[in-house]
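Okay, protein_22.cif now, which holds mmCIF, C-alpha atoms:
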data_start
#
loop_
_atom_site.group_PDB
_atom_site.id
_atom_site.type_symbol
_atom_site.label_atom_id
_atom_site.label_comp_id
_atom_site.auth_asym_id
_atom_site.auth_seq_id
_atom_site.Cartn_x
_atom_site.Cartn_y
_atom_site.Cartn_z
ATOM 1 C CA MET C 1 -22.430 13.312 26.455
ATOM 2 C CA ASP C 2 -23.592 15.863 23.896
ATOM 3 C CA LEU C 3 -21.130 15.166 21.082
ATOM 4 C CA LYS C 4 -22.803 17.689 18.764
ATOM 5 C CA SER C 5 -21.692 20.470 21.096
ATOM 6 C CA LEU C 6 -18.080 19.373 20.458
ATOM 7 C CA ILE C 7 -18.355 19.331 16.644
ATOM 8 C CA ARG C 8 -17.762 22.589 14.785
ATOM 9 C CA ASP C 9 -19.890 23.545 11.761
ATOM 10 C CA VAL C 10 -17.900 25.181 8.956
ATOM 11 C CA PRO C 11 -20.092 26.691 6.227
ATOM 12 C CA ASP C 12 -19.004 26.681 2.569
ATOM 13 C CA PHE C 13 -16.155 24.194 3.019
ATOM 14 C CA PRO C 14 -14.660 22.653 0.930
ATOM 15 C CA LYS C 15 -16.874 24.490 -1.564
ATOM 16 C CA PRO C 16 -19.858 26.851 -1.435
ATOM 17 C CA GLY C 17 -23.078 25.257 -0.221
ATOM 18 C CA ILE C 18 -21.389 22.512 1.832
ATOM 19 C CA LEU C 19 -21.735 22.563 5.637
ATOM 20 C CA PHE C 20 -18.623 20.746 6.867
ATOM 21 C CA ARG C 21 -18.793 18.918 10.212
ATOM 22 C CA ASP C 22 -15.334 19.445 11.721
ATOM 23 C CA LEU C 23 -14.389 16.811 14.287
ATOM 24 C CA THR C 24 -11.038 18.391 15.204
ATOM 25 C CA THR C 25 -12.820 20.263 17.997
ATOM 26 C CA LEU C 26 -14.092 16.908 19.333
ATOM 27 C CA LEU C 27 -10.556 15.498 19.158
ATOM 28 C CA GLN C 28 -9.253 18.423 21.223
ATOM 29 C CA ASN C 29 -11.632 17.599 24.058
ATOM 30 C CA GLN C 30 -10.172 14.873 26.301
ATOM 31 C CA ALA C 31 -13.526 13.772 27.684
ATOM 32 C CA GLY C 32 -15.136 13.793 24.236
ATOM 33 C CA LEU C 33 -12.391 11.735 22.623
ATOM 34 C CA ARG C 34 -12.411 9.229 25.491
ATOM 35 C CA TYR C 35 -16.215 8.988 25.282
ATOM 36 C CA VAL C 36 -16.151 8.269 21.536
ATOM 37 C CA ILE C 37 -13.567 5.495 21.848
ATOM 38 C CA ASP C 38 -15.293 4.030 24.912
ATOM 39 C CA GLN C 39 -18.662 3.996 23.127
ATOM 40 C CA LEU C 40 -17.236 2.241 20.061
ATOM 41 C CA VAL C 41 -15.454 -0.299 22.245
ATOM 42 C CA GLU C 42 -18.664 -0.967 24.177
ATOM 43 C CA LYS C 43 -20.620 -1.528 20.962
ATOM 44 C CA HIS C 44 -18.039 -3.900 19.434
ATOM 45 C CA ALA C 45 -16.289 -5.576 22.383
ATOM 46 C CA ASN C 46 -18.052 -8.911 21.876
ATOM 47 C CA ASP C 47 -17.974 -9.005 18.063
ATOM 48 C CA GLY C 48 -14.793 -11.052 17.632
ATOM 49 C CA ILE C 49 -13.139 -8.390 15.461
ATOM 50 C CA HIS C 50 -9.721 -9.429 14.140
ATOM 51 C CA TYR C 51 -8.933 -6.148 12.357
ATOM 52 C CA VAL C 52 -10.106 -2.556 12.393
ATOM 53 C CA ALA C 53 -9.663 -0.917 8.980
ATOM 54 C CA GLY C 54 -9.412 2.876 9.173
ATOM 55 C CA ILE C 55 -10.168 5.032 6.139
ATOM 56 C CA GLU C 56 -7.590 7.760 5.455
ATOM 57 C CA SER C 57 -7.158 9.969 7.233
ATOM 58 C CA ARG C 58 -9.584 10.642 10.063
ATOM 59 C CA GLY C 59 -10.505 6.957 10.234
ATOM 60 C CA PHE C 60 -6.917 6.396 11.406
ATOM 61 C CA ILE C 61 -7.447 8.701 14.377
ATOM 62 C CA PHE C 62 -10.413 6.714 15.705
ATOM 63 C CA GLY C 63 -9.526 3.310 14.280
ATOM 64 C CA ALA C 64 -6.103 2.777 15.833
ATOM 65 C CA PRO C 65 -7.130 3.288 19.480
ATOM 66 C CA LEU C 66 -10.287 1.264 18.831
ATOM 67 C CA ALA C 67 -8.211 -1.616 17.446
ATOM 68 C CA TYR C 68 -5.924 -1.433 20.469
ATOM 69 C CA ARG C 69 -8.842 -1.551 22.907
ATOM 70 C CA LEU C 70 -10.511 -4.430 20.997
ATOM 71 C CA GLY C 71 -7.269 -6.442 20.925
ATOM 72 C CA ALA C 72 -7.348 -6.319 17.114
ATOM 73 C CA GLY C 73 -4.894 -5.335 14.413
ATOM 74 C CA PHE C 74 -5.178 -2.031 12.542
ATOM 75 C CA ILE C 75 -5.218 -1.734 8.751
ATOM 76 C CA PRO C 76 -4.844 1.637 7.009
ATOM 77 C CA LEU C 77 -6.981 2.136 3.898
ATOM 78 C CA ARG C 78 -5.009 4.763 1.974
ATOM 79 C CA LYS C 79 -5.182 7.134 -0.958
ATOM 80 C CA PRO C 80 -3.180 6.069 -4.048
ATOM 81 C CA GLY C 81 0.600 5.871 -3.900
ATOM 82 C CA LYS C 82 0.949 5.856 -0.105
ATOM 83 C CA LEU C 83 1.537 2.119 0.436
ATOM 84 C CA CYS C 84 4.869 0.438 -0.288
ATOM 85 C CA ALA C 85 3.895 -3.167 -1.104
ATOM 86 C CA PRO C 86 1.440 -4.726 -3.619
ATOM 87 C CA VAL C 87 -2.082 -3.385 -3.072
ATOM 88 C CA TYR C 88 -5.713 -4.065 -3.733
ATOM 89 C CA SER C 89 -7.212 -0.964 -5.295
ATOM 90 C CA ILE C 90 -10.723 0.313 -5.918
ATOM 91 C CA GLU C 91 -11.960 3.452 -7.646
ATOM 92 C CA TYR C 92 -15.157 5.158 -6.512
ATOM 93 C CA GLU C 93 -17.368 8.205 -7.046
ATOM 94 C CA LEU C 94 -17.274 11.202 -4.721
ATOM 95 C CA GLU C 95 -19.840 13.959 -4.421
ATOM 96 C CA TYR C 96 -17.597 16.022 -6.697
ATOM 97 C CA GLY C 97 -15.251 13.691 -8.607
ATOM 98 C CA ARG C 98 -13.577 10.278 -8.423
ATOM 99 C CA ASP C 99 -11.024 8.863 -6.036
ATOM 100 C CA ARG C 100 -9.283 5.601 -5.176
ATOM 101 C CA LEU C 101 -8.544 3.630 -2.023
ATOM 102 C CA GLU C 102 -5.802 1.052 -1.573
ATOM 103 C CA MET C 103 -4.897 -1.637 0.954
ATOM 104 C CA HIS C 104 -1.858 -3.905 1.182
ATOM 105 C CA GLN C 105 -2.657 -7.306 -0.310
ATOM 106 C CA ASP C 106 -1.132 -9.055 2.701
ATOM 107 C CA ALA C 107 -2.992 -6.950 5.282
ATOM 108 C CA ILE C 108 -5.778 -9.451 6.066
ATOM 109 C CA GLU C 109 -5.988 -13.214 5.989
ATOM 110 C CA PRO C 110 -9.059 -14.547 4.145
ATOM 111 C CA GLY C 111 -12.047 -15.125 6.425
ATOM 112 C CA ARG C 112 -10.948 -12.744 9.203
ATOM 113 C CA ARG C 113 -13.565 -10.386 10.710
ATOM 114 C CA VAL C 114 -13.068 -6.701 9.872
ATOM 115 C CA LEU C 115 -14.711 -3.545 11.209
ATOM 116 C CA ILE C 116 -14.350 -0.467 8.966
ATOM 117 C CA VAL C 117 -14.052 2.871 10.802
ATOM 118 C CA ASP C 118 -14.281 6.450 9.593
ATOM 119 C CA ASP C 119 -15.165 9.771 11.166
ATOM 120 C CA LEU C 120 -18.240 10.453 9.037
ATOM 121 C CA ILE C 121 -20.556 8.885 6.479
ATOM 122 C CA ALA C 122 -22.132 11.218 3.949
ATOM 123 C CA THR C 123 -23.020 9.784 0.530
ATOM 124 C CA GLY C 124 -21.411 6.420 1.330
ATOM 125 C CA GLY C 125 -19.047 6.187 -1.647
ATOM 126 C CA THR C 126 -15.836 5.989 0.351
ATOM 127 C CA ALA C 127 -17.228 3.487 2.847
ATOM 128 C CA ALA C 128 -18.614 1.312 0.044
ATOM 129 C CA ALA C 129 -15.180 1.366 -1.616
ATOM 130 C CA ALA C 130 -13.585 0.320 1.680
ATOM 131 C CA ALA C 131 -16.002 -2.625 1.812
ATOM 132 C CA GLY C 132 -14.892 -3.531 -1.707
ATOM 133 C CA LEU C 133 -11.272 -3.726 -0.564
ATOM 134 C CA ILE C 134 -12.230 -6.063 2.287
ATOM 135 C CA GLN C 135 -14.095 -8.254 -0.215
ATOM 136 C CA GLN C 136 -11.070 -8.314 -2.559
ATOM 137 C CA ALA C 137 -9.046 -9.708 0.347
ATOM 138 C CA GLN C 138 -11.726 -12.404 0.890
ATOM 139 C CA ALA C 139 -12.135 -11.258 4.482
ATOM 140 C CA GLN C 140 -15.438 -11.057 6.348
ATOM 141 C CA LEU C 141 -16.838 -7.542 6.663
ATOM 142 C CA HIS C 142 -18.393 -7.450 10.127
ATOM 143 C CA GLY C 143 -19.638 -3.859 9.992
ATOM 144 C CA PHE C 144 -18.975 -0.139 9.976
ATOM 145 C CA ALA C 145 -18.437 2.404 12.757
ATOM 146 C CA PHE C 146 -18.812 6.141 12.187
ATOM 147 C CA ILE C 147 -18.771 9.006 14.627
ATOM 148 C CA VAL C 148 -21.154 11.116 12.491
ATOM 149 C CA GLU C 149 -23.829 10.192 9.950
ATOM 150 C CA LEU C 150 -25.388 12.768 7.624
ATOM 151 C CA THR C 151 -28.722 10.983 7.229
ATOM 152 C CA ASP C 152 -30.168 13.228 4.501
ATOM 153 C CA LEU C 153 -27.450 12.084 2.091
ATOM 154 C CA GLY C 154 -28.486 8.415 2.365
ATOM 155 C CA GLY C 155 -24.980 6.944 2.472
ATOM 156 C CA ARG C 156 -26.027 3.806 4.311
ATOM 157 C CA ARG C 157 -28.044 2.691 1.265
ATOM 158 C CA LYS C 158 -24.756 2.152 -0.618
ATOM 159 C CA LEU C 159 -23.331 -0.135 2.051
ATOM 160 C CA PRO C 160 -23.567 -3.926 2.355
ATOM 161 C CA ASP C 161 -26.131 -5.338 4.768
ATOM 162 C CA VAL C 162 -23.949 -5.446 7.895
ATOM 163 C CA PRO C 163 -24.250 -3.664 11.260
ATOM 164 C CA ILE C 164 -23.598 0.099 11.151
ATOM 165 C CA THR C 165 -22.728 2.018 14.311
ATOM 166 C CA THR C 166 -23.070 5.806 14.422
ATOM 167 C CA LEU C 167 -22.769 7.995 17.485
ATOM 168 C CA VAL C 168 -24.180 11.287 16.121
ATOM 169 C CA THR C 169 -26.677 11.956 13.342
ATOM 170 C CA TYR C 170 -27.469 15.172 11.510
#

Could you show the structure in this file as structure tokens?
Amino acid sequence: MDLKSLIRDVPDFPKPGILFRDLTTLLQNQAGLRYVIDQLVEKHANDGIHYVAGIESRGFIFGAPLAYRLGAGFIPLRKPGKLCAPVYSIEYELEYGRDRLEMHQDAIEPGRRVLIVDDLIATGGTAAAAAGLIQQAQAQLHGFAFIVELTDLGGRRKLPDVPITTLVTY
């Protein structure tokens, strides 16, 4: 399936000079959405994943059905102030500022295998922060799964040496 044909390009969003890859058009397409989930399941079905951790917010969209199909639990990695119990927290650099991710401290048992999922990897800061949360919980980071990778931005260089799945590259 040609996933690129289902992804909309939005110039100058969220600021001038940025070409935003909008996956909402992919999500609207039943066959495209099914294909994405099926491909991720196929690539990770035999990995012994205990938890899929989805990065807020589009990582939730792909991560929850992936966790269901893998027979794993789902863990939301959230922006600050969204979780109700004690959290692990990590601050990280964005292309244009700083941000923070949080995860419940009781979300993962130490040693469990975790797959981190997000819609897109650009510079890698958010994904690297997500890996830091998994490390704080003393869990085993199995790998990453992204629908889109923007290769020119070199985000994978910021990530730990674990398997990285991407379905579309630009």

(request) Rank C:Ala131, C:Leu83, C:Leu115, C:Ile55 by their smallest atom-to-atom distance to Leu40 (chain C), using only C-alpha atoms, and report the top residue only. (result)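 Residue with the minimum atom-to-atom distance to Leu40 (chain C): C:Leu115.
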
Expected axis-aligned box over every listed atom of region 143-162 of chain C, 6 Å added per side, centre plus edges in Å to one decimal, as lines of an AutoDock Vina configuration file:
center_x = -24.3
center_y = 3.9
center_z = 7.0
size_x = 23.7
size_y = 30.7
size_z = 27.2

(message) Starting from the PyMOL selection byres ((chain C and resi 89) around 7), expand the selection into actual residues of this file and give them as a list in words.
(response) Val87, Tyr88, Ile90, Glu91, Arg100, Leu101, Glu102, Met103 and Leu133 of chain C

(request) Quick one: apply the PyMOL selection byres ((chain C and resi 163) around 8) to the file and drop the selected residues here as a list of chain:residue names. (result)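 Selected by the PyMOL selection byres ((chain C and resi 163) around 8) in this file: C:His142, C:Gly143, C:Phe144, C:Asp161, C:Val162, C:Ile164, C:Thr165.
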
(request) Extract, using only C-alpha atoms, all DNA, RNA and protein residues at most 12 Å from Gln135 (chain C), discarding same-chain residues fewer than 5 positions from it, and format them as a ChimeraX atom specification. (result) /C:88-90,103,105,108-114,128-130,140-142,160

Would you save the residues of that selection, restricted to C-alpha atoms, as a PDB file, in the coordinates of the input?
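What follows is the written file result-v1.pdb:
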ATOM      1  CA  TYR C  88      -5.713  -4.065  -3.733  1.00  0.00           C
ATOM      2  CA  SER C  89      -7.212  -0.964  -5.295  1.00  0.00           C
ATOM      3  CA  ILE C  90     -10.723   0.313  -5.918  1.00  0.00           C
ATOM      4  CA  MET C 103      -4.897  -1.637   0.954  1.00  0.00           C
ATOM      5  CA  GLN C 105      -2.657  -7.306  -0.310  1.00  0.00           C
ATOM      6  CA  ILE C 108      -5.778  -9.451   6.066  1.00  0.00           C
ATOM      7  CA  GLU C 109      -5.988 -13.214   5.989  1.00  0.00           C
ATOM      8  CA  PRO C 110      -9.059 -14.547   4.145  1.00  0.00           C
ATOM      9  CA  GLY C 111     -12.047 -15.125   6.425  1.00  0.00           C
ATOM     10  CA  ARG C 112     -10.948 -12.744   9.203  1.00  0.00           C
ATOM     11  CA  ARG C 113     -13.565 -10.386  10.710  1.00  0.00           C
ATOM     12  CA  VAL C 114     -13.068  -6.701   9.872  1.00  0.00           C
ATOM     13  CA  ALA C 128     -18.614   1.312   0.044  1.00  0.00           C
ATOM     14  CA  ALA C 129     -15.180   1.366  -1.616  1.00  0.00           C
ATOM     15  CA  ALA C 130     -13.585   0.320   1.680  1.00  0.00           C
ATOM     16  CA  GLN C 140     -15.438 -11.057   6.348  1.00  0.00           C
ATOM     17  CA  LEU C 141     -16.838  -7.542   6.663  1.00  0.00           C
ATOM     18  CA  HIS C 142     -18.393  -7.450  10.127  1.00  0.00           C
ATOM     19  CA  PRO C 160     -23.567  -3.926   2.355  1.00  0.00           C
TER      20      PRO C 160
END

(request) Could you jot down the CA of Phe74 (chain C) to CA of Val52 (chain C) separation for me, Å, one decimal place? (result) 5.0 Å

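Listed by chain and then by number, the residues chosen by the PyMOL selection byres ((chain C and resi 37) around 9) in this file are Gly32, Leu33, Arg34, Tyr35, Val36, Asp38, Gln39, Leu40, Val41, Glu42, Phe62, Gly63, Pro65, Leu66 and Arg69 of chain C.
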
(request) List every protein, DNA or RNA residue with an atom no more than 7 Å from (-15.5, 4.9, 14.6) in the file's coordinates, counting only C-alpha atoms, and format the result as a PyMOL selection string. (result) chain C and resi 40+59+62-63+117-119+145-147

(request) Rounded to one decimal place, report the CA of Thr123 (chain C)-CA of Gln138 (chain C) distance in Å. (result)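 Rounded to one decimal, the two atoms are 24.9 Å apart.
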
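Minimum atom-to-atom distances from C:Leu3, C:Leu70, C:Leu159, C:Leu27 to Thr126 (chain C) were compared using only C-alpha atoms, and the lowest value belongs to C:Leu159.
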
Name all residues at most 12 Å from Ser5 (chain C) (count only C-alpha atoms; drop same-chain ones fewer than 2 positions away) and give them as a CSV table (one decimal) with C-alpha atoms, in the coordinates of the input.
chain,number,residue,atom,x,y,z
C,1,MET,CA,-22.4,13.3,26.5
C,2,ASP,CA,-23.6,15.9,23.9
C,3,LEU,CA,-21.1,15.2,21.1
C,7,ILE,CA,-18.4,19.3,16.6
C,8,ARG,CA,-17.8,22.6,14.8
C,9,ASP,CA,-19.9,23.5,11.8
C,21,ARG,CA,-18.8,18.9,10.2
C,22,ASP,CA,-15.3,19.4,11.7
C,23,LEU,CA,-14.4,16.8,14.3
C,25,THR,CA,-12.8,20.3,18.0
C,26,LEU,CA,-14.1,16.9,19.3
C,29,ASN,CA,-11.6,17.6,24.1
C,32,GLY,CA,-15.1,13.8,24.2
C,168,VAL,CA,-24.2,11.3,16.1

(request) Would you work out the distance separating CA of Leu150 (chain C) from CA of Gly125 (chain C), expressed in Å to one decimal? (result)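 If I compute the distance from CA of Leu150 (chain C) to CA of Gly125 (chain C), I get 13.0 Å.
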
Could you list, as an mmCIF file with C-alpha atoms, in the frame of the given file, every residue within 7 Å of Ile75 (chain C), counting all atoms listed in the file and ignoring same-chain residues fewer than 4 positions away?
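Produced file selection10.cif, reproduced below:
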data_model
loop_
_atom_site.group_PDB
_atom_site.id
_atom_site.type_symbol
_atom_site.label_atom_id
_atom_site.label_comp_id
_atom_site.auth_asym_id
_atom_site.auth_seq_id
_atom_site.Cartn_x
_atom_site.Cartn_y
_atom_site.Cartn_z
ATOM 1 C CA TYR C 51 -8.933 -6.148 12.357
ATOM 2 C CA VAL C 52 -10.106 -2.556 12.393
ATOM 3 C CA ALA C 53 -9.663 -0.917 8.980
ATOM 4 C CA GLY C 54 -9.412 2.876 9.173
ATOM 5 C CA ALA C 107 -2.992 -6.950 5.282
#

(request) Could you check which of C:Asp106, C:Glu149, C:Asp47, C:Asp99 is closest to Pro80 (chain C), using only C-alpha atoms? (result)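 Closest residue, counting only C-alpha atoms: C:Asp99.
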